[in-house]
Amino acid sequence: MTRATTVRAVLAAAVLLVSVFITLTMSPRLGLDLQGGTRMVLQAEDSATVEANRETTDRTLEVLRQRIDSLGVAEPVLTRSGEDRIIVELPDVQDPRQAAAVIGRTAQLSFHAVQGATPPGTEPESKPESKPESETGSGRLTLPDEQGTQLGLGPARLSGAGVKDATASFEAQQAAGWTVKLDFHKDAGKDWTRLTGEAACHPAGDERRRVAIVLDEKVISSPQVDPSVGCQAGLPSGGTQITGSFSAKEARDLALLIKGGALPVPVEIVEQRTVGPTLGAAAIDASAQAALIGAAATALFITFVYRLFGALAAVALAAYGVISYAALVGLGVTLTLPGLAGFVLAIGMAVDANVLVFERAREECQDRPTRSLRSALTTGFQKAFSAVADSNITTLLAAGLLFFLGSGPVKGFGVTLAIGVIASMFSALVIARALTEIAAGSRFVSDYRGVNGIARPGSVRTWLTRKDPQLFRKPVRWLIVSTALVAVAVAGIVVRGVDLGVEFTGGRLVEYSTSRPVDVETARSTLADAGFGDAEVTTAGDGDISVRTGKLDNDGEHALREALATEGGETTKVRDELIGPSLGDELRRNALIALGVAVFVQLAYLAMRFRWTFAVASVVGMVHDVVIVVGAFAWLGRPVDGIFLAALLTVIGYSVNDSVVVFDRVRELWAGNRKTPLATIARRAVLQTVPRTVNTGMGALFILVALAVLGGDSLADFALALLIGIVVGTWSSVFTAVPAALVLERTTGAPPPVPGKASRRARAPRRDPLDNGARV
């Protein structure tokens with residue numbers, strides 16, 4: 001065993017030990033779409049006096065944190081996104097009405113002296129909504145109290161900024177029941193003492209002995225000052241209690257409102273997603289089953305094709321799964337549903353590098369039958385490295401676009417995909433290489449050529465070599481076929497239209513599970529009678545009802561659910577997505593930007609690595625794939641949403657990946673045979689890389705079929721888009737990109753590529769690693 005092999009083996013063992021330790025001792029951080037709960041995105045807006053910027057948004061976040069902590073939600077997560085957005089995650093919260101109501105309170109909290117009362121039904125002297133308090137000359141307001149009595153209020157004497165704490169407690173000793181205790185900051189406490197001392201100068205029962213607490217131009221409490229408090233004596237800061245016939249919930253809500261105070265800037269809920277706990281658990285179970293079945297099928301397939309070395313690659317594949325999972329857990333990455341799908345998908349794609357290496361090694365054994373197995377394997381790793389690096393970099397570019405331009409859970413897919421790509425590189429180039437090099441050093445494995453799996457050409461390669469099809473005599477014919485496929489896809493987009501999901505159009509999409517079966521027509525009629533005539537009702541999952549509407553607040557959603565319950569019995573919310581119109585426009589715009597940037601970035605990278613004709617041809621094939629996938633979804637009537645965008649960008653990476661492998665071989669062969677016609681070079685390159693394309697595609701297809709069958713509605717569309725994309729991408733890398741490159745090369749007078757140092761070294765005779773150079 002050489003020193004390099006020993007280093008790889010030790011490094012692989014060390015990384016695996018750390019990964020196993022992390023896997024056994026740490027738990028994954030699940031996103032709300034997997035554990036269940038509510039996620040809100042709040043947009044901070046400018047007020048008349050304050051600009052919504054990073055500073056005011058941070059202060060708003062802290063106020064919201066105090067309010068939400070008082071709701072008793074377990075482990076809420078609040079983070080700022082960008083300059084003026086706040087993401088609120090509330091685990092296990094299935095009915096977000098209370099949270100949304102608390103979050104939505106934005107006006108200034110203030111304390112006022114009561115100057116008189118108007119009997120119920122009497123018109124107030126002034127209407128506060130016509131002119132805010134801050135703009136009135138006298139600062140007086142007339143507002144109804146908790147019982148509807150109109151109170152004349154003096155100017156604000158104290159703001160919510162002066163409240164240090166407000167807590168709800170049960171006073172059993174004094175038989176006061178639930179009360180709210182107030183504590184003020186130092187200067188504010190003096191103002192509070194002065195305000196209550198002035199109110200105490202009026203006789204008990206007089207309306208002027210009350211103090212009004214106002215939030216959002218609404219009196220949330222107006223207690224009387226206790227008769228035991230003397231005139232001008234007032235109440236001390238820490239000894240103030242608000243008593244009344246409060247229930248526990250009312251006392252806690254009042255304490256929350258007083259303590260939370262006012263937000264520095266108004267906020268609007270632009271996105272709200274609620275996922276039931278059963279949906280997340282089902283998604284985890286389905287993904288786990290798909291991963292196990294798909295990985296087992298991939299391992300069996302690669303073992304069947306490459307025998308012993310394929311089995312060692314399957315071991316490396318298992319190691320990849322452990323390493324990538326440990327990386328996700330160790331880095332604290334939130335695992336979302338698209339991220340979980342990305343993790344499962346990356347298992348199928350992780351065999352790509354191994355397949356490239358093994359096919360290269362097979363070629364070396366076929367070209368030079370007398371060379372040792374270790375030497376062929378080493379050359380295979382060296383020659384495959386550039387294709388492996390280029391294909392993985394293009395996938396990383398797609399993952400980066402998903403992270404920077406995606407939204408919500410789609411970002412998790414980008415992170416998971418990136419980690420998967422890096423882990424798969426380590427698995428193939430370190431773990432698999434160490435295992436196969438150790439095996440290649442065995443005389444038994446080296447002597448019995450049918451055992452190792454690479455000493456003999458595969459059946460696909462043998463058949464192609466025997467048939468030697470003349471693929472590119474007339475490349476324009478293939479371009480006509482690809483153009484016809486694109487035309488069919490465009491016809492679907494024009495005729496059927498693209499069904500943009502609620503994520504891109506704005507509105508609300510809610511999925512319900514009912515205890516009694518309800519057909520779509522009955523549900524649609526019931527909702528129409530309840531005033532939801534514009535609701536789109538469809539089936540989802542196993543008999544669930546999906547309802548899509550325009551603008552619908554949380555109270556409206558509750559009424560909709562109650563209406564559906566009249567026919568379906570107990571109605572449980574499985575999934576709920578609310579997207580504001582402004583965010584929908586933004587997400588739709590970002591999706592188009594992501595696609596445009598993906599095309600530009602891939603073109604720029606390919607132009608740097610290859611001839612411009614090859615780069616343009618690869619991008620032509622990529623656009624061909626994107627249009628066909630979108631057109632297929634249009635013809636099938638499937639929704640186009642954020643998860644579809646993640647699948648589409650993955651298809652882009654996969655399509656370019658396939659084209660890179662083909663053009664990398666074209667460049668190598670053309671540089672070594674500069675006088676050979678390019679069409680002949682391209683044919684040879686395609687025939688040599690087809691086994692890799694087929695074997696890699698099969699690995700991904702096993703996983704995707706398992707996801708499509710077992711993943712349910714939440715993952716079926718994702719898997720379907722990728723299935724179509726992989727099949728179309730395999731076609732386009734051979735029958736669209738290569739013919740396009742041949743046509744483009746006719747228009748340029750550029751000479752064939754010059755062999756570089758790497759190419760010259762590749763063609764030079766190599767010494768067997770076991771040969772020490774001694775001769776007799």
# chains A, B, ... in the order shown; residues from 1 in each chain; ligands from 1

call {"tool": "residues_around", "arguments": {"residues": "Leu678 (chain A)", "least_positions_apart": "4", "cutoff": "12 Å", "atoms": "only C-alpha atoms", "output": "PyMOL selection string"}}
result
chain A and resi 472-473+475+663+666-674+682-685+738-739+741-746+751-753

call {"tool": "write_last_selection", "arguments": {"atoms": "N, CA, C and O atoms", "output": "tab-separated table (two decimals), in the first residue's frame"}}
result
chain	number	residue	atom	x	y	z
A	472	PHE	N	-23.54	11.60	-36.15
A	472	PHE	CA	-23.55	13.03	-36.46
A	472	PHE	C	-23.16	13.33	-37.91
A	472	PHE	O	-22.49	14.32	-38.19
A	473	ARG	N	-23.58	12.44	-38.82
A	473	ARG	CA	-23.36	12.76	-40.22
A	473	ARG	C	-24.14	14.00	-40.62
A	473	ARG	O	-23.66	14.83	-41.39
A	475	PRO	N	-25.95	16.60	-38.34
A	475	PRO	CA	-26.36	17.04	-36.98
A	475	PRO	C	-27.61	17.91	-36.97
A	475	PRO	O	-28.30	17.97	-35.96
A	663	PHE	N	-18.24	17.14	-23.49
A	663	PHE	CA	-17.32	18.09	-24.11
A	663	PHE	C	-15.90	17.97	-23.54
A	663	PHE	O	-14.92	18.30	-24.22
A	666	VAL	N	-14.59	15.35	-25.70
A	666	VAL	CA	-14.35	15.89	-27.04
A	666	VAL	C	-13.05	16.69	-27.07
A	666	VAL	O	-12.22	16.55	-27.98
A	667	ARG	N	-12.87	17.54	-26.08
A	667	ARG	CA	-11.66	18.36	-26.02
A	667	ARG	C	-10.41	17.49	-25.94
A	667	ARG	O	-9.41	17.75	-26.63
A	668	GLU	N	-10.45	16.47	-25.11
A	668	GLU	CA	-9.29	15.60	-24.95
A	668	GLU	C	-8.97	14.86	-26.24
A	668	GLU	O	-7.80	14.80	-26.68
A	669	LEU	N	-9.99	14.26	-26.87
A	669	LEU	CA	-9.75	13.50	-28.09
A	669	LEU	C	-9.33	14.39	-29.24
A	669	LEU	O	-8.46	14.02	-30.05
A	670	TRP	N	-9.92	15.56	-29.35
A	670	TRP	CA	-9.61	16.48	-30.45
A	670	TRP	C	-8.19	17.02	-30.32
A	670	TRP	O	-7.48	17.20	-31.31
A	671	ALA	N	-7.77	17.28	-29.07
A	671	ALA	CA	-6.40	17.76	-28.86
A	671	ALA	C	-5.37	16.71	-29.25
A	671	ALA	O	-4.27	17.04	-29.72
A	672	GLY	N	-5.72	15.44	-29.10
A	672	GLY	CA	-4.79	14.37	-29.46
A	672	GLY	C	-4.88	13.94	-30.90
A	672	GLY	O	-4.01	13.22	-31.40
A	673	ASN	N	-5.96	14.35	-31.58
A	673	ASN	CA	-6.15	13.98	-33.00
A	673	ASN	C	-6.65	15.21	-33.76
A	673	ASN	O	-7.81	15.27	-34.17
A	674	ARG	N	-5.76	16.17	-33.94
A	674	ARG	CA	-6.16	17.49	-34.45
A	674	ARG	C	-6.59	17.44	-35.92
A	674	ARG	O	-7.30	18.34	-36.38
A	682	ALA	N	-16.54	13.88	-32.11
A	682	ALA	CA	-17.75	13.98	-31.28
A	682	ALA	C	-18.44	12.63	-31.16
A	682	ALA	O	-18.92	12.25	-30.08
A	683	ARG	N	-18.47	11.88	-32.27
A	683	ARG	CA	-19.10	10.55	-32.21
A	683	ARG	C	-18.35	9.64	-31.25
A	683	ARG	O	-18.96	8.94	-30.44
A	684	ARG	N	-17.03	9.64	-31.34
A	684	ARG	CA	-16.24	8.81	-30.43
A	684	ARG	C	-16.45	9.23	-28.97
A	684	ARG	O	-16.59	8.38	-28.08
A	685	ALA	N	-16.45	10.54	-28.74
A	685	ALA	CA	-16.62	11.04	-27.37
A	685	ALA	C	-17.97	10.62	-26.79
A	685	ALA	O	-18.06	10.20	-25.63
A	738	VAL	N	-24.28	18.56	-28.53
A	738	VAL	CA	-23.21	18.18	-29.47
A	738	VAL	C	-23.53	18.62	-30.90
A	738	VAL	O	-22.67	19.23	-31.56
A	739	PRO	N	-24.73	18.34	-31.46
A	739	PRO	CA	-25.02	18.87	-32.80
A	739	PRO	C	-24.94	20.40	-32.87
A	739	PRO	O	-24.47	20.94	-33.88
A	741	ALA	N	-22.95	22.29	-31.14
A	741	ALA	CA	-21.53	22.62	-31.18
A	741	ALA	C	-20.95	22.38	-32.56
A	741	ALA	O	-20.13	23.17	-33.06
A	742	LEU	N	-21.35	21.30	-33.22
A	742	LEU	CA	-20.86	21.01	-34.56
A	742	LEU	C	-21.29	22.09	-35.55
A	742	LEU	O	-20.50	22.51	-36.41
A	743	VAL	N	-22.53	22.53	-35.44
A	743	VAL	CA	-23.01	23.59	-36.33
A	743	VAL	C	-22.27	24.91	-36.06
A	743	VAL	O	-21.87	25.61	-36.99
A	744	LEU	N	-22.06	25.24	-34.79
A	744	LEU	CA	-21.36	26.47	-34.44
A	744	LEU	C	-19.90	26.44	-34.89
A	744	LEU	O	-19.34	27.47	-35.30
A	745	GLU	N	-19.27	25.27	-34.81
A	745	GLU	CA	-17.87	25.17	-35.21
A	745	GLU	C	-17.68	25.43	-36.71
A	745	GLU	O	-16.60	25.82	-37.14
A	746	ARG	N	-18.74	25.19	-37.49
A	746	ARG	CA	-18.64	25.47	-38.93
A	746	ARG	C	-18.53	26.96	-39.22
A	746	ARG	O	-18.05	27.36	-40.27
A	751	PRO	N	-8.71	27.10	-34.65
A	751	PRO	CA	-8.06	25.79	-34.80
A	751	PRO	C	-8.46	24.85	-33.67
A	751	PRO	O	-9.01	25.28	-32.65
A	752	PRO	N	-8.20	23.56	-33.82
A	752	PRO	CA	-8.47	22.61	-32.73
A	752	PRO	C	-7.65	22.97	-31.50
A	752	PRO	O	-6.64	23.66	-31.59
A	753	PRO	N	-8.08	22.50	-30.34
A	753	PRO	CA	-7.34	22.81	-29.11
A	753	PRO	C	-5.95	22.21	-29.14
A	753	PRO	O	-5.72	21.14	-29.70

call {"tool": "residues_around", "arguments": {"residues": "Gly441 (chain A)", "least_positions_apart": "5", "cutoff": "9 Å", "atoms": "only C-alpha atoms", "output": "PDB file with all heavy atoms, in the first residue's frame"}}
result
ATOM      1  N   MET A   1       0.852  -1.188   0.000  1.00  0.00           N
ATOM      2  CA  MET A   1       0.000   0.000   0.000  1.00  0.00           C
ATOM      3  C   MET A   1       0.894   1.247   0.000  1.00  0.00           C
ATOM      4  O   MET A   1       1.775   1.381   0.838  1.00  0.00           O
ATOM      5  CB  MET A   1      -0.923   0.000   1.225  1.00  0.00           C
ATOM      6  CG  MET A   1      -1.982   1.082   1.190  1.00  0.00           C
ATOM      7  SD  MET A   1      -3.329   0.811   2.383  1.00  0.00           S
ATOM      8  CE  MET A   1      -2.465   0.828   3.930  1.00  0.00           C
ATOM      9  N   LEU A 373      -3.749  -3.547 -12.777  1.00  0.00           N
ATOM     10  CA  LEU A 373      -5.045  -3.008 -12.366  1.00  0.00           C
ATOM     11  C   LEU A 373      -4.872  -1.706 -11.594  1.00  0.00           C
ATOM     12  O   LEU A 373      -5.623  -0.747 -11.796  1.00  0.00           O
ATOM     13  CB  LEU A 373      -5.776  -4.043 -11.512  1.00  0.00           C
ATOM     14  CG  LEU A 373      -7.192  -3.679 -11.062  1.00  0.00           C
ATOM     15  CD1 LEU A 373      -8.103  -3.504 -12.260  1.00  0.00           C
ATOM     16  CD2 LEU A 373      -7.737  -4.775 -10.133  1.00  0.00           C
ATOM     17  N   ARG A 374      -3.883  -1.641 -10.713  1.00  0.00           N
ATOM     18  CA  ARG A 374      -3.663  -0.423  -9.933  1.00  0.00           C
ATOM     19  C   ARG A 374      -3.302   0.751 -10.848  1.00  0.00           C
ATOM     20  O   ARG A 374      -3.772   1.866 -10.657  1.00  0.00           O
ATOM     21  CB  ARG A 374      -2.564  -0.642  -8.902  1.00  0.00           C
ATOM     22  CG  ARG A 374      -2.247   0.614  -8.093  1.00  0.00           C
ATOM     23  CD  ARG A 374      -1.017   0.394  -7.231  1.00  0.00           C
ATOM     24  NE  ARG A 374      -1.317  -0.461  -6.097  1.00  0.00           N
ATOM     25  CZ  ARG A 374      -1.808   0.002  -4.948  1.00  0.00           C
ATOM     26  NH1 ARG A 374      -2.066   1.288  -4.807  1.00  0.00           N
ATOM     27  NH2 ARG A 374      -2.030  -0.806  -3.951  1.00  0.00           N
ATOM     28  N   THR A 436     -10.656   1.093  -3.245  1.00  0.00           N
ATOM     29  CA  THR A 436     -10.355   0.408  -4.509  1.00  0.00           C
ATOM     30  C   THR A 436      -8.857   0.215  -4.705  1.00  0.00           C
ATOM     31  O   THR A 436      -8.426  -0.805  -5.269  1.00  0.00           O
ATOM     32  CB  THR A 436     -10.944   1.195  -5.692  1.00  0.00           C
ATOM     33  OG1 THR A 436     -10.509   2.564  -5.623  1.00  0.00           O
ATOM     34  CG2 THR A 436     -12.459   1.135  -5.678  1.00  0.00           C
ATOM     35  N   SER A 446      -6.531  -8.731  -8.813  1.00  0.00           N
ATOM     36  CA  SER A 446      -5.863  -8.335 -10.051  1.00  0.00           C
ATOM     37  C   SER A 446      -5.856  -9.454 -11.081  1.00  0.00           C
ATOM     38  O   SER A 446      -6.012  -9.201 -12.278  1.00  0.00           O
ATOM     39  CB  SER A 446      -4.427  -7.903  -9.734  1.00  0.00           C
ATOM     40  OG  SER A 446      -3.748  -7.497 -10.900  1.00  0.00           O
TER      41      SER A 446
END

call {"tool": "residues_around", "arguments": {"residues": "region 264-266 of chain A", "least_positions_apart": "4", "cutoff": "7 Å", "atoms": "only C-alpha atoms", "output": "JSON, numbers by chain"}}
result
{"A": [44, 45, 46, 47, 50, 52, 56, 59, 60, 106]}

call {"tool": "select_by_dssp", "arguments": {"residues": "region 528-756 of chain A", "states": "strand (DSSP E or B)", "output": "number ranges by chain"}}
result
A: 536-540, 544-549, 571-579, 640
